[in-house]
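Undergrad: Handing over final_37.pdb, PDB, C-alpha atoms and all ligand atoms.
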MODEL        1
ATOM      1  CA  MET A   1     105.271  96.212 118.007
ATOM      2  CA  LYS A   2     102.775  94.290 120.141
ATOM      3  CA  ARG A   3     100.319  92.418 117.986
ATOM      4  CA  THR A   4      96.561  92.433 118.454
ATOM      5  CA  ALA A   5      95.199  88.951 117.750
ATOM      6  CA  GLU A   6      92.112  89.066 115.489
ATOM      7  CA  ALA A   7      92.373  85.922 113.386
ATOM      8  CA  SER A   8      94.599  82.920 112.928
ATOM      9  CA  SER A   9      98.159  84.091 112.540
ATOM     10  CA  SER A  10      99.924  80.752 112.461
ATOM     11  CA  TRP A  11     100.538  81.299 108.714
ATOM     12  CA  LEU A  12     102.812  84.182 109.795
ATOM     13  CA  ARG A  13     105.092  81.685 111.603
ATOM     14  CA  GLY A  14     106.016  84.249 114.276
ATOM     15  CA  ALA A  15     106.371  87.326 112.059
ATOM     16  CA  ALA A  16     104.285  90.414 112.858
ATOM     17  CA  ALA A  17     103.147  90.819 109.240
ATOM     18  CA  ALA A  18     104.002  89.526 105.793
ATOM     19  CA  MET A  19     104.785  91.454 102.628
ATOM     20  CA  VAL A  20     104.130  90.200  99.122
ATOM     21  CA  LEU A  21     105.532  92.344  96.322
ATOM     22  CA  THR A  22     103.474  91.870  93.182
ATOM     23  CA  PHE A  23     104.047  93.347  89.740
ATOM     24  CA  ASP A  24     101.339  93.156  87.096
ATOM     25  CA  VAL A  25     103.164  93.136  83.759
ATOM     26  CA  ASP A  26     100.210  94.412  81.736
ATOM     27  CA  ALA A  27     102.335  95.965  78.960
ATOM     28  CA  GLU A  28     100.199  96.600  75.851
ATOM     29  CA  SER A  29      97.360  94.276  76.880
ATOM     30  CA  CYS A  30      95.551  96.765  79.097
ATOM     31  CA  VAL A  31      95.249  99.429  76.374
ATOM     32  CA  LEU A  32      94.375  96.932  73.629
ATOM     33  CA  ALA A  33      91.576  95.655  75.890
ATOM     34  CA  GLU A  34      90.179  99.212  75.785
ATOM     35  CA  GLY A  35      90.087  99.170  71.977
ATOM     36  CA  LYS A  36      91.829  97.216  69.222
ATOM     37  CA  HIS A  37      92.505 100.452  67.312
ATOM     38  CA  TYR A  38      95.233 101.285  69.863
ATOM     39  CA  ALA A  39      97.333  98.674  68.038
ATOM     40  CA  GLN A  40      97.784 101.428  65.383
ATOM     41  CA  HIS A  41      98.765 104.050  68.001
ATOM     42  CA  PRO A  42     102.570 104.026  68.457
ATOM     43  CA  GLY A  43     102.460 106.694  71.172
ATOM     44  CA  VAL A  44     100.132 104.717  73.422
ATOM     45  CA  LEU A  45     101.948 101.435  72.717
ATOM     46  CA  SER A  46     105.288 103.020  73.608
ATOM     47  CA  HIS A  47     103.908 104.155  76.964
ATOM     48  CA  GLN A  48     102.989 100.554  77.739
ATOM     49  CA  ALA A  49     106.177  99.022  76.265
ATOM     50  CA  TYR A  50     108.177 100.996  78.812
ATOM     51  CA  GLY A  51     107.072  98.404  81.382
ATOM     52  CA  PRO A  52     108.707  95.285  79.925
ATOM     53  CA  ARG A  53     111.460  97.183  78.093
ATOM     54  CA  VAL A  54     112.764  99.364  80.941
ATOM     55  CA  GLY A  55     110.674  98.833  84.077
ATOM     56  CA  VAL A  56     111.025  95.067  84.502
ATOM     57  CA  PRO A  57     114.848  94.893  84.146
ATOM     58  CA  ARG A  58     115.227  97.823  86.531
ATOM     59  CA  ILE A  59     112.846  96.300  89.079
ATOM     60  CA  LEU A  60     114.652  92.953  88.813
ATOM     61  CA  ARG A  61     117.971  94.652  89.592
ATOM     62  CA  MET A  62     116.468  96.439  92.614
ATOM     63  CA  LEU A  63     114.972  93.183  93.944
ATOM     64  CA  ALA A  64     118.332  91.426  93.447
ATOM     65  CA  ASP A  65     120.101  94.237  95.346
ATOM     66  CA  LEU A  66     117.776  93.629  98.309
ATOM     67  CA  ASP A  67     117.790  89.837  97.889
ATOM     68  CA  VAL A  68     113.997  89.493  97.947
ATOM     69  CA  ARG A  69     111.683  87.551  95.661
ATOM     70  CA  ALA A  70     108.461  88.854  94.163
ATOM     71  CA  THR A  71     105.437  87.619  92.228
ATOM     72  CA  PHE A  72     104.825  88.846  88.676
ATOM     73  CA  PHE A  73     101.270  88.516  87.335
ATOM     74  CA  VAL A  74     101.659  88.189  83.577
ATOM     75  CA  PRO A  75      98.867  88.299  80.983
ATOM     76  CA  GLY A  76      99.309  85.650  78.292
ATOM     77  CA  ALA A  77      99.459  88.448  75.713
ATOM     78  CA  THR A  78     102.556  89.823  77.465
ATOM     79  CA  ALA A  79     104.130  86.351  77.530
ATOM     80  CA  ASP A  80     103.569  86.085  73.750
ATOM     81  CA  THR A  81     104.805  89.618  72.996
ATOM     82  CA  TRP A  82     107.731  89.790  75.435
ATOM     83  CA  PRO A  83     108.827  86.158  75.985
ATOM     84  CA  ASP A  84     112.442  87.046  76.795
ATOM     85  CA  VAL A  85     111.350  89.505  79.482
ATOM     86  CA  VAL A  86     109.046  86.966  81.109
ATOM     87  CA  THR A  87     111.800  84.336  80.951
ATOM     88  CA  SER A  88     114.198  86.784  82.607
ATOM     89  CA  ILE A  89     111.758  87.122  85.525
ATOM     90  CA  VAL A  90     111.738  83.347  86.033
ATOM     91  CA  GLU A  91     115.510  83.110  85.651
ATOM     92  CA  ALA A  92     115.927  85.747  88.368
ATOM     93  CA  GLY A  93     114.107  83.391  90.761
ATOM     94  CA  HIS A  94     110.734  85.127  90.941
ATOM     95  CA  GLU A  95     107.273  83.674  90.706
ATOM     96  CA  VAL A  96     105.156  84.175  87.572
ATOM     97  CA  ALA A  97     101.385  83.923  87.967
ATOM     98  CA  HIS A  98      98.377  84.155  85.642
ATOM     99  CA  HIS A  99      96.748  87.507  84.858
ATOM    100  CA  SER A 100      94.295  86.447  82.096
ATOM    101  CA  TYR A 101      95.312  86.362  78.431
ATOM    102  CA  SER A 102      93.864  89.582  77.074
ATOM    103  CA  HIS A 103      93.372  91.720  80.221
ATOM    104  CA  ARG A 104      89.652  92.099  79.561
ATOM    105  CA  ARG A 105      87.308  92.451  82.537
ATOM    106  CA  LEU A 106      86.284  88.888  83.377
ATOM    107  CA  VAL A 107      82.926  90.059  84.696
ATOM    108  CA  ASP A 108      82.068  91.245  81.156
ATOM    109  CA  LEU A 109      82.917  87.927  79.444
ATOM    110  CA  ALA A 110      80.467  85.165  78.585
ATOM    111  CA  PRO A 111      81.210  81.873  80.408
ATOM    112  CA  ASP A 112      82.808  80.245  77.344
ATOM    113  CA  GLU A 113      84.854  83.395  76.623
ATOM    114  CA  GLU A 114      86.196  83.419  80.180
ATOM    115  CA  ILE A 115      87.267  79.774  79.929
ATOM    116  CA  ALA A 116      88.891  80.363  76.520
ATOM    117  CA  ASP A 117      90.805  83.381  77.860
ATOM    118  CA  LEU A 118      91.971  81.446  80.943
ATOM    119  CA  GLU A 119      93.147  78.499  78.827
ATOM    120  CA  ARG A 120      94.869  80.761  76.287
ATOM    121  CA  GLY A 121      96.745  82.398  79.184
ATOM    122  CA  LEU A 122      97.782  78.994  80.526
ATOM    123  CA  GLU A 123      98.996  77.978  77.066
ATOM    124  CA  ALA A 124     101.025  81.183  76.616
ATOM    125  CA  LEU A 125     102.745  80.772  79.997
ATOM    126  CA  GLY A 126     103.129  77.043  79.299
ATOM    127  CA  ARG A 127     105.099  77.781  76.110
ATOM    128  CA  LEU A 128     107.677  79.447  78.403
ATOM    129  CA  GLY A 129     107.660  76.460  80.752
ATOM    130  CA  ILE A 130     105.581  78.219  83.409
ATOM    131  CA  LYS A 131     102.779  76.480  85.328
ATOM    132  CA  PRO A 132     101.213  79.229  87.433
ATOM    133  CA  ALA A 133     100.019  78.516  90.982
ATOM    134  CA  GLY A 134      98.103  81.771  91.263
ATOM    135  CA  HIS A 135      95.860  84.204  89.438
ATOM    136  CA  ARG A 136      94.822  87.840  89.645
ATOM    137  CA  SER A 137      91.791  89.062  87.720
ATOM    138  CA  PRO A 138      92.491  92.049  85.461
ATOM    139  CA  LEU A 139      91.152  95.400  86.693
ATOM    140  CA  SER A 140      89.902  93.786  89.891
ATOM    141  CA  SER A 141      86.925  92.425  87.965
ATOM    142  CA  PRO A 142      86.450  88.694  88.490
ATOM    143  CA  SER A 143      83.138  87.181  87.467
ATOM    144  CA  GLU A 144      81.039  85.134  89.864
ATOM    145  CA  ARG A 145      82.487  82.067  88.112
ATOM    146  CA  THR A 146      86.175  82.967  88.327
ATOM    147  CA  ALA A 147      87.099  81.488  91.717
ATOM    148  CA  SER A 148      85.361  78.204  90.988
ATOM    149  CA  LEU A 149      86.999  78.005  87.554
ATOM    150  CA  LEU A 150      90.429  78.607  89.060
ATOM    151  CA  ALA A 151      89.918  75.890  91.666
ATOM    152  CA  GLY A 152      88.798  73.523  88.904
ATOM    153  CA  TYR A 153      91.940  74.232  86.888
ATOM    154  CA  GLY A 154      94.119  73.444  89.913
ATOM    155  CA  PHE A 155      95.162  76.955  90.918
ATOM    156  CA  GLN A 156      96.229  77.277  94.557
ATOM    157  CA  TYR A 157      95.423  80.920  95.106
ATOM    158  CA  GLU A 158      94.028  84.138  93.733
ATOM    159  CA  SER A 159      94.864  87.697  94.720
ATOM    160  CA  THR A 160      91.851  89.747  93.754
ATOM    161  CA  LEU A 161      89.110  90.119  96.388
ATOM    162  CA  MET A 162      89.324  93.003  98.843
ATOM    163  CA  ASP A 163      87.203  91.914 101.794
ATOM    164  CA  ASP A 164      90.112  91.408 104.215
ATOM    165  CA  ASP A 165      93.706  92.407 104.846
ATOM    166  CA  ARG A 166      94.670  88.900 105.938
ATOM    167  CA  PRO A 167      94.647  85.803 103.771
ATOM    168  CA  TYR A 168      91.907  83.219 104.021
ATOM    169  CA  LEU A 169      90.578  80.187 102.190
ATOM    170  CA  LEU A 170      87.807  80.534  99.674
ATOM    171  CA  GLU A 171      85.575  77.498  99.339
ATOM    172  CA  THR A 172      84.151  76.979  95.853
ATOM    173  CA  ASP A 173      82.088  74.176  94.334
ATOM    174  CA  ARG A 174      85.255  72.869  92.654
ATOM    175  CA  GLY A 175      87.678  73.070  95.571
ATOM    176  CA  VAL A 176      89.434  75.502  97.867
ATOM    177  CA  LEU A 177      91.624  78.464  96.913
ATOM    178  CA  ALA A 178      93.708  80.726  99.115
ATOM    179  CA  GLU A 179      92.735  84.379  98.734
ATOM    180  CA  LEU A 180      95.519  86.945  99.212
ATOM    181  CA  PRO A 181      93.612  90.238  99.301
ATOM    182  CA  PRO A 182      95.067  93.303  97.602
ATOM    183  CA  HIS A 183      93.658  96.831  98.031
ATOM    184  CA  TRP A 184      93.626 100.050  96.015
ATOM    185  CA  THR A 185      95.578 101.720  98.857
ATOM    186  CA  LEU A 186      98.518  99.476  98.025
ATOM    187  CA  ASP A 187      98.217  99.795  94.244
ATOM    188  CA  ASP A 188     100.398 102.123  92.188
ATOM    189  CA  PHE A 189      97.501 102.951  89.822
ATOM    190  CA  ALA A 190      96.101 105.267  92.504
ATOM    191  CA  GLN A 191      99.467 107.065  92.671
ATOM    192  CA  TYR A 192     100.901 107.080  89.180
ATOM    193  CA  ALA A 193      98.403 106.105  86.473
ATOM    194  CA  TYR A 194      98.179 108.886  83.921
ATOM    195  CA  LEU A 195      97.218 108.384  80.301
ATOM    196  CA  PRO A 196      94.832 110.708  78.477
ATOM    197  CA  ASP A 197      93.677 108.221  75.816
ATOM    198  CA  PRO A 198      92.615 105.607  76.723
ATOM    199  CA  SER A 199      91.921 107.213  80.059
ATOM    200  CA  ILE A 200      93.376 104.675  82.462
ATOM    201  CA  GLY A 201      94.097 107.267  85.156
ATOM    202  CA  GLN A 202      94.709 110.949  85.777
ATOM    203  CA  VAL A 203      97.297 111.110  88.563
ATOM    204  CA  VAL A 204     101.023 111.703  88.810
ATOM    205  CA  GLU A 205     101.704 111.757  92.530
ATOM    206  CA  SER A 206     105.093 112.182  94.168
ATOM    207  CA  PRO A 207     106.874 108.915  94.977
ATOM    208  CA  ARG A 208     107.381 110.413  98.449
ATOM    209  CA  LYS A 209     103.629 110.510  98.891
ATOM    210  CA  ALA A 210     103.222 106.953  97.569
ATOM    211  CA  LEU A 211     105.929 105.813  99.954
ATOM    212  CA  GLU A 212     104.186 107.553 102.850
ATOM    213  CA  VAL A 213     100.851 105.850 102.058
ATOM    214  CA  TRP A 214     102.432 102.428 101.694
ATOM    215  CA  ALA A 215     104.875 102.697 104.628
ATOM    216  CA  SER A 216     102.185 103.832 107.066
ATOM    217  CA  GLU A 217     100.006 100.890 106.096
ATOM    218  CA  LEU A 218     102.942  98.486 106.403
ATOM    219  CA  ASP A 219     103.878  99.813 109.841
ATOM    220  CA  ALA A 220     100.314  99.566 111.153
ATOM    221  CA  MET A 221      99.747  96.108 109.690
ATOM    222  CA  ARG A 222     102.391  94.753 112.052
ATOM    223  CA  ARG A 223     100.034  95.292 114.960
ATOM    224  CA  TYR A 224      97.189  93.382 113.303
ATOM    225  CA  GLY A 225      99.051  90.468 111.729
ATOM    226  CA  CYS A 226      98.168  91.454 108.174
ATOM    227  CA  LEU A 227      99.291  90.564 104.693
ATOM    228  CA  PHE A 228     100.712  93.567 102.842
ATOM    229  CA  VAL A 229     100.067  92.892  99.145
ATOM    230  CA  LEU A 230     101.689  95.644  97.118
ATOM    231  CA  CYS A 231     100.500  95.792  93.513
ATOM    232  CA  CYS A 232     102.747  97.695  91.113
ATOM    233  CA  HIS A 233     102.887  97.922  87.332
ATOM    234  CA  PRO A 234     106.291  98.127  85.634
ATOM    235  CA  PHE A 235     105.028 100.705  83.081
ATOM    236  CA  LEU A 236     104.228 102.964  86.074
ATOM    237  CA  SER A 237     106.556 101.951  88.905
ATOM    238  CA  GLY A 238     109.551 101.254  86.656
ATOM    239  CA  ARG A 239     110.454 104.941  86.469
ATOM    240  CA  PRO A 240     113.629 105.864  88.363
ATOM    241  CA  SER A 241     112.254 107.789  91.336
ATOM    242  CA  ARG A 242     109.478 105.249  91.768
ATOM    243  CA  VAL A 243     111.876 102.289  91.812
ATOM    244  CA  GLU A 244     113.863 104.141  94.460
ATOM    245  CA  ALA A 245     110.694 104.598  96.537
ATOM    246  CA  LEU A 246     110.110 100.845  96.274
ATOM    247  CA  ARG A 247     113.687 100.198  97.316
ATOM    248  CA  GLU A 248     113.102 102.375 100.377
ATOM    249  CA  LEU A 249     109.824 100.642 101.227
ATOM    250  CA  ILE A 250     111.316  97.142 101.021
ATOM    251  CA  SER A 251     114.372  98.245 103.015
ATOM    252  CA  ARG A 252     112.028  99.591 105.662
ATOM    253  CA  ALA A 253     110.183  96.257 105.817
ATOM    254  CA  LEU A 254     113.449  94.341 106.115
ATOM    255  CA  GLY A 255     114.673  96.822 108.731
ATOM    256  CA  HIS A 256     111.684  96.140 110.961
ATOM    257  CA  GLY A 257     113.009  92.631 111.464
ATOM    258  CA  ASP A 258     109.521  91.196 111.989
ATOM    259  CA  VAL A 259     108.085  91.370 108.459
ATOM    260  CA  ALA A 260     108.329  88.221 106.343
ATOM    261  CA  VAL A 261     108.886  89.060 102.668
ATOM    262  CA  LEU A 262     107.395  86.161 100.710
ATOM    263  CA  THR A 263     106.107  85.298  97.260
ATOM    264  CA  ALA A 264     102.367  84.922  96.840
ATOM    265  CA  ALA A 265     102.762  81.170  96.299
ATOM    266  CA  GLU A 266     104.689  80.879  99.569
ATOM    267  CA  VAL A 267     101.903  82.655 101.464
ATOM    268  CA  ALA A 268      99.287  80.492  99.742
ATOM    269  CA  ALA A 269     101.123  77.319 100.784
ATOM    270  CA  ARG A 270     101.250  78.527 104.392
ATOM    271  CA  VAL A 271      97.583  79.509 104.389
ATOM    272  CA  THR A 272      96.507  76.199 102.906
ATOM    273  CA  ALA A 273      98.473  74.353 105.597
ATOM    274  CA  ASP A 274      97.083  76.483 108.474
ATOM    275  CA  PRO A 275      94.510  74.374 110.344
ATOM    276  CA  LEU A 276      92.986  77.455 112.008
ATOM    277  CA  ILE A 277      92.631  79.644 108.922
ATOM    278  CA  ASP A 278      89.255  81.146 108.132
ATOM    279  CA  ILE A 279      87.382  79.225 105.396
ATOM    280  CA  ARG A 280      84.706  81.244 103.612
ATOM    281  CA  PRO A 281      82.170  80.037 101.078
ATOM    282  CA  HIS A 282      82.404  81.808  97.745
ATOM    283  CA  ASN A 283      79.370  83.356  96.104
ATOM    284  CA  SER A 284      76.501  81.250  97.418
ATOM    285  CA  ARG A 285      75.864  83.027 100.710
ATOM    286  CA  ARG A 286      77.106  86.367  99.506
ATOM    287  CA  THR A 287      74.993  86.238  96.366
ATOM    288  CA  ALA A 288      71.925  85.218  98.347
ATOM    289  CA  ALA A 289      72.375  88.215 100.661
ATOM    290  CA  THR A 290      72.941  90.583  97.760
ATOM    291  CA  ASN A 291      69.866  89.252  95.961
ATOM    292  CA  GLN A 292      67.792  89.833  99.071
ATOM    293  CA  LEU A 293      68.965  93.442  99.199
ATOM    294  CA  THR A 294      68.216  93.892  95.498
ATOM    295  CA  GLU A 295      64.730  92.460  95.898
ATOM    296  CA  ALA A 296      64.060  94.577  98.994
ATOM    297  CA  SER A 297      64.959  97.838  97.270
TER     298      SER A 297
HETATM  299 ZN    ZN A 301      96.664  94.153  85.113
ENDMDL
END
What do you get writing this file as structure tokens?
Ligand SMILES: [Zn+2]
TA:
Amino acid sequence: MKRTAEASSSWLRGAAAAMVLTFDVDAESCVLAEGKHYAQHPGVLSHQAYGPRVGVPRILRMLADLDVRATFFVPGATADTWPDVVTSIVEAGHEVAHHSYSHRRLVDLAPDEEIADLERGLEALGRLGIKPAGHRSPLSSPSERTASLLAGYGFQYESTLMDDDRPYLLETDRGVLAELPPHWTLDDFAQYAYLPDPSIGQVVESPRKALEVWASELDAMRRYGCLFVLCCHPFLSGRPSRVEALRELISRALGHGDVAVLTAAEVAARVTADPLIDIRPHNSRRTAATNQLTEAS
């Protein structure tokens, strides 16, 4: 496919597009963040435990079959509850990144709570020998402080903001981070998230439909030199037909011959080294513009 140049593509190193497969291993954390009383709800907990218990091993086998590496965003709570599963991800050669400790919305936390949660997550991963290079905010809800905090703690990238489909550098008051933008289109929550209580979603779509949505975006991204960041959750995408849809999607990407399948940290390293990459200030300008709009209305 002929590419249309829109932004620096030297980070692609000649590929038409890049694919990053990400798995958010939320397990029980995302329901406990909705209410501590779910800790006494075996039905709800079992729905979430399916992810680490069945989904992760199955996904790891599929990735090994295709000989590709992925990035697993792991809340500290998951690392504490399922240490052997998280260790198995590392031992299979994949990247493990930070996904908060408790999976609460960062935008709702007080500044000291956000720092405590970030540090607790680092400690939990650290106990398994993991020093994460990247971070994804739970529920796509970073605070205005998050990017700056991450830069201050030495993170190299985040994968949270949705204002592009190509990576860029985010300039904060404590340093620069690569941003690898995800999107709801490429998130399995929109396809498969169904749980009545807590109500995390109300859809059970066909894996064929999910595959169609994702494959059409992948195919088109090759024209525009984009970064395809797929975000899946093992408690959703670990089910048999859904793993097979993922297998088909990755095989399709490999079959194109011009899609680089990389970990998030690999993309971040390329982006950071790209002298032509777009560098965007975080918060200051954007907040000023938003404040103006708020005042004008
Ligand atoms: Zn999550």
Undergrad: Could you please extract the residues within 7 Å of ligand ZN 301 (chain A), counting all atoms listed in the file, and hand them back as a list in words?
TA: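 What falls inside 7 Å of ligand ZN 301 (chain A) is Asp24, Val25, Asp26, Cys30, His99, His103, Pro138 and Leu139 of chain A.
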Undergrad: Would you mind exporting C-alpha atoms of the selected residues as a JSON list (two decimals), in the frame of the given file?
TA:
[["chain", "number", "residue", "atom", "x", "y", "z"],
["A", 24, "ASP", "CA", 101.34, 93.16, 87.10],
["A", 25, "VAL", "CA", 103.16, 93.14, 83.76],
["A", 26, "ASP", "CA", 100.21, 94.41, 81.74],
["A", 30, "CYS", "CA", 95.55, 96.76, 79.10],
["A", 99, "HIS", "CA", 96.75, 87.51, 84.86],
["A", 103, "HIS", "CA", 93.37, 91.72, 80.22],
["A", 138, "PRO", "CA", 92.49, 92.05, 85.46],
["A", 139, "LEU", "CA", 91.15, 95.40, 86.69]]
Undergrad: Show me a table, sorted first by chain and then by increasing residue number, of the residues of region 120-205 of chain A having an atom at most 10 Å from region 32-37 of chain A, each with its shortest atom pair and the distance in Å to one decimal, counting all atoms listed in the file and written as a Markdown table.
TA:
| residue | atom | partner | partner_atom | distance |
| --- | --- | --- | --- | --- |
| A:Asp197 | CA | A:Glu34 | CA | 9.7 |
| A:Pro198 | CA | A:Glu34 | CA | 6.9 |
| A:Ser199 | CA | A:Glu34 | CA | 9.2 |
| A:Ile200 | CA | A:Glu34 | CA | 9.2 |
Undergrad: Report as JSON lines the residues of region 195-297 of chain A within 12 Å of region 164-177 of chain A, each with its shortest atom pair and distance in Å (one decimal), using all atoms listed in the file, ordered by chain and increasing residue number.
TA:
{"residue": "A:Glu217", "atom": "CA", "partner": "A:Asp165", "partner_atom": "CA", "distance": 10.6}
{"residue": "A:Leu218", "atom": "CA", "partner": "A:Asp165", "partner_atom": "CA", "distance": 11.2}
{"residue": "A:Ala220", "atom": "CA", "partner": "A:Asp165", "partner_atom": "CA", "distance": 11.6}
{"residue": "A:Met221", "atom": "CA", "partner": "A:Asp165", "partner_atom": "CA", "distance": 8.6}
{"residue": "A:Arg222", "atom": "CA", "partner": "A:Arg166", "partner_atom": "CA", "distance": 11.5}
{"residue": "A:Tyr224", "atom": "CA", "partner": "A:Arg166", "partner_atom": "CA", "distance": 9.0}
{"residue": "A:Gly225", "atom": "CA", "partner": "A:Arg166", "partner_atom": "CA", "distance": 7.4}
{"residue": "A:Cys226", "atom": "CA", "partner": "A:Arg166", "partner_atom": "CA", "distance": 4.9}
{"residue": "A:Leu227", "atom": "CA", "partner": "A:Arg166", "partner_atom": "CA", "distance": 5.1}
{"residue": "A:Phe228", "atom": "CA", "partner": "A:Asp165", "partner_atom": "CA", "distance": 7.4}
{"residue": "A:Val229", "atom": "CA", "partner": "A:Asp165", "partner_atom": "CA", "distance": 8.6}
{"residue": "A:Leu230", "atom": "CA", "partner": "A:Asp165", "partner_atom": "CA", "distance": 11.6}
{"residue": "A:Ala264", "atom": "CA", "partner": "A:Pro167", "partner_atom": "CA", "distance": 10.4}
{"residue": "A:Ala265", "atom": "CA", "partner": "A:Leu177", "partner_atom": "CA", "distance": 11.5}
{"residue": "A:Glu266", "atom": "CA", "partner": "A:Pro167", "partner_atom": "CA", "distance": 11.9}
{"residue": "A:Val267", "atom": "CA", "partner": "A:Pro167", "partner_atom": "CA", "distance": 8.2}
{"residue": "A:Ala268", "atom": "CA", "partner": "A:Pro167", "partner_atom": "CA", "distance": 8.1}
{"residue": "A:Ala269", "atom": "CA", "partner": "A:Leu177", "partner_atom": "CA", "distance": 10.3}
{"residue": "A:Arg270", "atom": "CA", "partner": "A:Pro167", "partner_atom": "CA", "distance": 9.8}
{"residue": "A:Val271", "atom": "CA", "partner": "A:Tyr168", "partner_atom": "CA", "distance": 6.8}
{"residue": "A:Thr272", "atom": "CA", "partner": "A:Leu169", "partner_atom": "CA", "distance": 7.2}
{"residue": "A:Ala273", "atom": "CA", "partner": "A:Leu169", "partner_atom": "CA", "distance": 10.4}
{"residue": "A:Asp274", "atom": "CA", "partner": "A:Tyr168", "partner_atom": "CA", "distance": 9.6}
{"residue": "A:Pro275", "atom": "CA", "partner": "A:Leu169", "partner_atom": "CA", "distance": 10.8}
{"residue": "A:Leu276", "atom": "CA", "partner": "A:Tyr168", "partner_atom": "CA", "distance": 9.9}
{"residue": "A:Ile277", "atom": "CA", "partner": "A:Tyr168", "partner_atom": "CA", "distance": 6.1}
{"residue": "A:Asp278", "atom": "CA", "partner": "A:Tyr168", "partner_atom": "CA", "distance": 5.3}
{"residue": "A:Ile279", "atom": "CA", "partner": "A:Leu169", "partner_atom": "CA", "distance": 4.6}
{"residue": "A:Arg280", "atom": "CA", "partner": "A:Leu170", "partner_atom": "CA", "distance": 5.1}
{"residue": "A:Pro281", "atom": "CA", "partner": "A:Glu171", "partner_atom": "CA", "distance": 4.6}
{"residue": "A:His282", "atom": "CA", "partner": "A:Thr172", "partner_atom": "CA", "distance": 5.5}
{"residue": "A:Asn283", "atom": "CA", "partner": "A:Thr172", "partner_atom": "CA", "distance": 8.0}
{"residue": "A:Ser284", "atom": "CA", "partner": "A:Thr172", "partner_atom": "CA", "distance": 8.9}
{"residue": "A:Arg285", "atom": "CA", "partner": "A:Glu171", "partner_atom": "CA", "distance": 11.3}
Undergrad: Could you take the residues named above and write them with C-alpha atoms, as a short mmCIF file (atom, residue, chain, number, x, y, z; two decimals), in the coordinates of the input?
TA:
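Output below, filename part12.cif:
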data_model
loop_
_atom_site.label_atom_id
_atom_site.label_comp_id
_atom_site.auth_asym_id
_atom_site.auth_seq_id
_atom_site.Cartn_x
_atom_site.Cartn_y
_atom_site.Cartn_z
CA GLU A 217 100.01 100.89 106.10
CA LEU A 218 102.94 98.49 106.40
CA ALA A 220 100.31 99.57 111.15
CA MET A 221 99.75 96.11 109.69
CA ARG A 222 102.39 94.75 112.05
CA TYR A 224 97.19 93.38 113.30
CA GLY A 225 99.05 90.47 111.73
CA CYS A 226 98.17 91.45 108.17
CA LEU A 227 99.29 90.56 104.69
CA PHE A 228 100.71 93.57 102.84
CA VAL A 229 100.07 92.89 99.14
CA LEU A 230 101.69 95.64 97.12
CA ALA A 264 102.37 84.92 96.84
CA ALA A 265 102.76 81.17 96.30
CA GLU A 266 104.69 80.88 99.57
CA VAL A 267 101.90 82.66 101.46
CA ALA A 268 99.29 80.49 99.74
CA ALA A 269 101.12 77.32 100.78
CA ARG A 270 101.25 78.53 104.39
CA VAL A 271 97.58 79.51 104.39
CA THR A 272 96.51 76.20 102.91
CA ALA A 273 98.47 74.35 105.60
CA ASP A 274 97.08 76.48 108.47
CA PRO A 275 94.51 74.37 110.34
CA LEU A 276 92.99 77.46 112.01
CA ILE A 277 92.63 79.64 108.92
CA ASP A 278 89.26 81.15 108.13
CA ILE A 279 87.38 79.22 105.40
CA ARG A 280 84.71 81.24 103.61
CA PRO A 281 82.17 80.04 101.08
CA HIS A 282 82.40 81.81 97.74
CA ASN A 283 79.37 83.36 96.10
CA SER A 284 76.50 81.25 97.42
CA ARG A 285 75.86 83.03 100.71
#
Undergrad: Can you build me a table of region 88-173 of chain A residues sitting at most 7 Å from region 67-80 of chain A, with the closest atom pair per residue and its distance in Å to one decimal, using only C-alpha atoms, sorted by chain and residue number, as a tab-separated table?
TA:
residue	atom	partner	partner_atom	distance
A:Gly93	CA	A:Arg69	CA	6.9
A:His94	CA	A:Arg69	CA	5.4
A:Glu95	CA	A:Thr71	CA	4.6
A:Val96	CA	A:Phe72	CA	4.8
A:Ala97	CA	A:Phe73	CA	4.6
A:His98	CA	A:Phe73	CA	5.5
A:His99	CA	A:Pro75	CA	4.5
A:Ser100	CA	A:Pro75	CA	5.1
A:Tyr101	CA	A:Gly76	CA	4.1
A:Ser102	CA	A:Ala77	CA	5.9
A:His103	CA	A:Pro75	CA	6.5
A:Arg120	CA	A:Gly76	CA	6.9
A:Gly121	CA	A:Gly76	CA	4.2
A:Ala124	CA	A:Gly76	CA	5.1
A:Leu125	CA	A:Gly76	CA	6.2
A:Arg136	CA	A:Phe73	CA	6.9
Undergrad: For region 235-247 of chain A, work out the shell of residues within 8 Å, counting only C-alpha atoms and skipping chain neighbours fewer than 5 positions away, then give it as a list in words.
TA: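 Counting only C-alpha atoms, the residues come to Val25, Ala27, His47, Gln48, Ala49, Tyr50, Gly51, Pro52, Val54, Gly55, Val56, Arg58, Ile59, Met62, Leu63, Leu66, Asp188, Phe189, Tyr192, Ala193, Pro207, Arg208, Ala210 and Leu211 of chain A.
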Undergrad: Between A:Glu179, A:Glu248, A:Glu113, A:Asp219, which is the closest to Ala17 (chain A) once you count only C-alpha atoms?
TA: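 Checking each candidate against Ala17 (chain A), we get A:Asp219 as the closest.
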Undergrad: On this structure, the PyMOL selection byres (((chain A and resi 203) around 8) and not hetatm) would catch which residues? List them as an mmCIF file with C-alpha atoms, keeping the file's coordinate frame, sorted by chain and number.
TA:
data_model
loop_
_atom_site.group_PDB
_atom_site.id
_atom_site.type_symbol
_atom_site.label_atom_id
_atom_site.label_comp_id
_atom_site.auth_asym_id
_atom_site.auth_seq_id
_atom_site.Cartn_x
_atom_site.Cartn_y
_atom_site.Cartn_z
ATOM 1 C CA ALA A 190 96.101 105.267 92.504
ATOM 2 C CA GLN A 191 99.467 107.065 92.671
ATOM 3 C CA TYR A 192 100.901 107.080 89.180
ATOM 4 C CA ALA A 193 98.403 106.105 86.473
ATOM 5 C CA TYR A 194 98.179 108.886 83.921
ATOM 6 C CA GLY A 201 94.097 107.267 85.156
ATOM 7 C CA GLN A 202 94.709 110.949 85.777
ATOM 8 C CA VAL A 204 101.023 111.703 88.810
ATOM 9 C CA GLU A 205 101.704 111.757 92.530
#
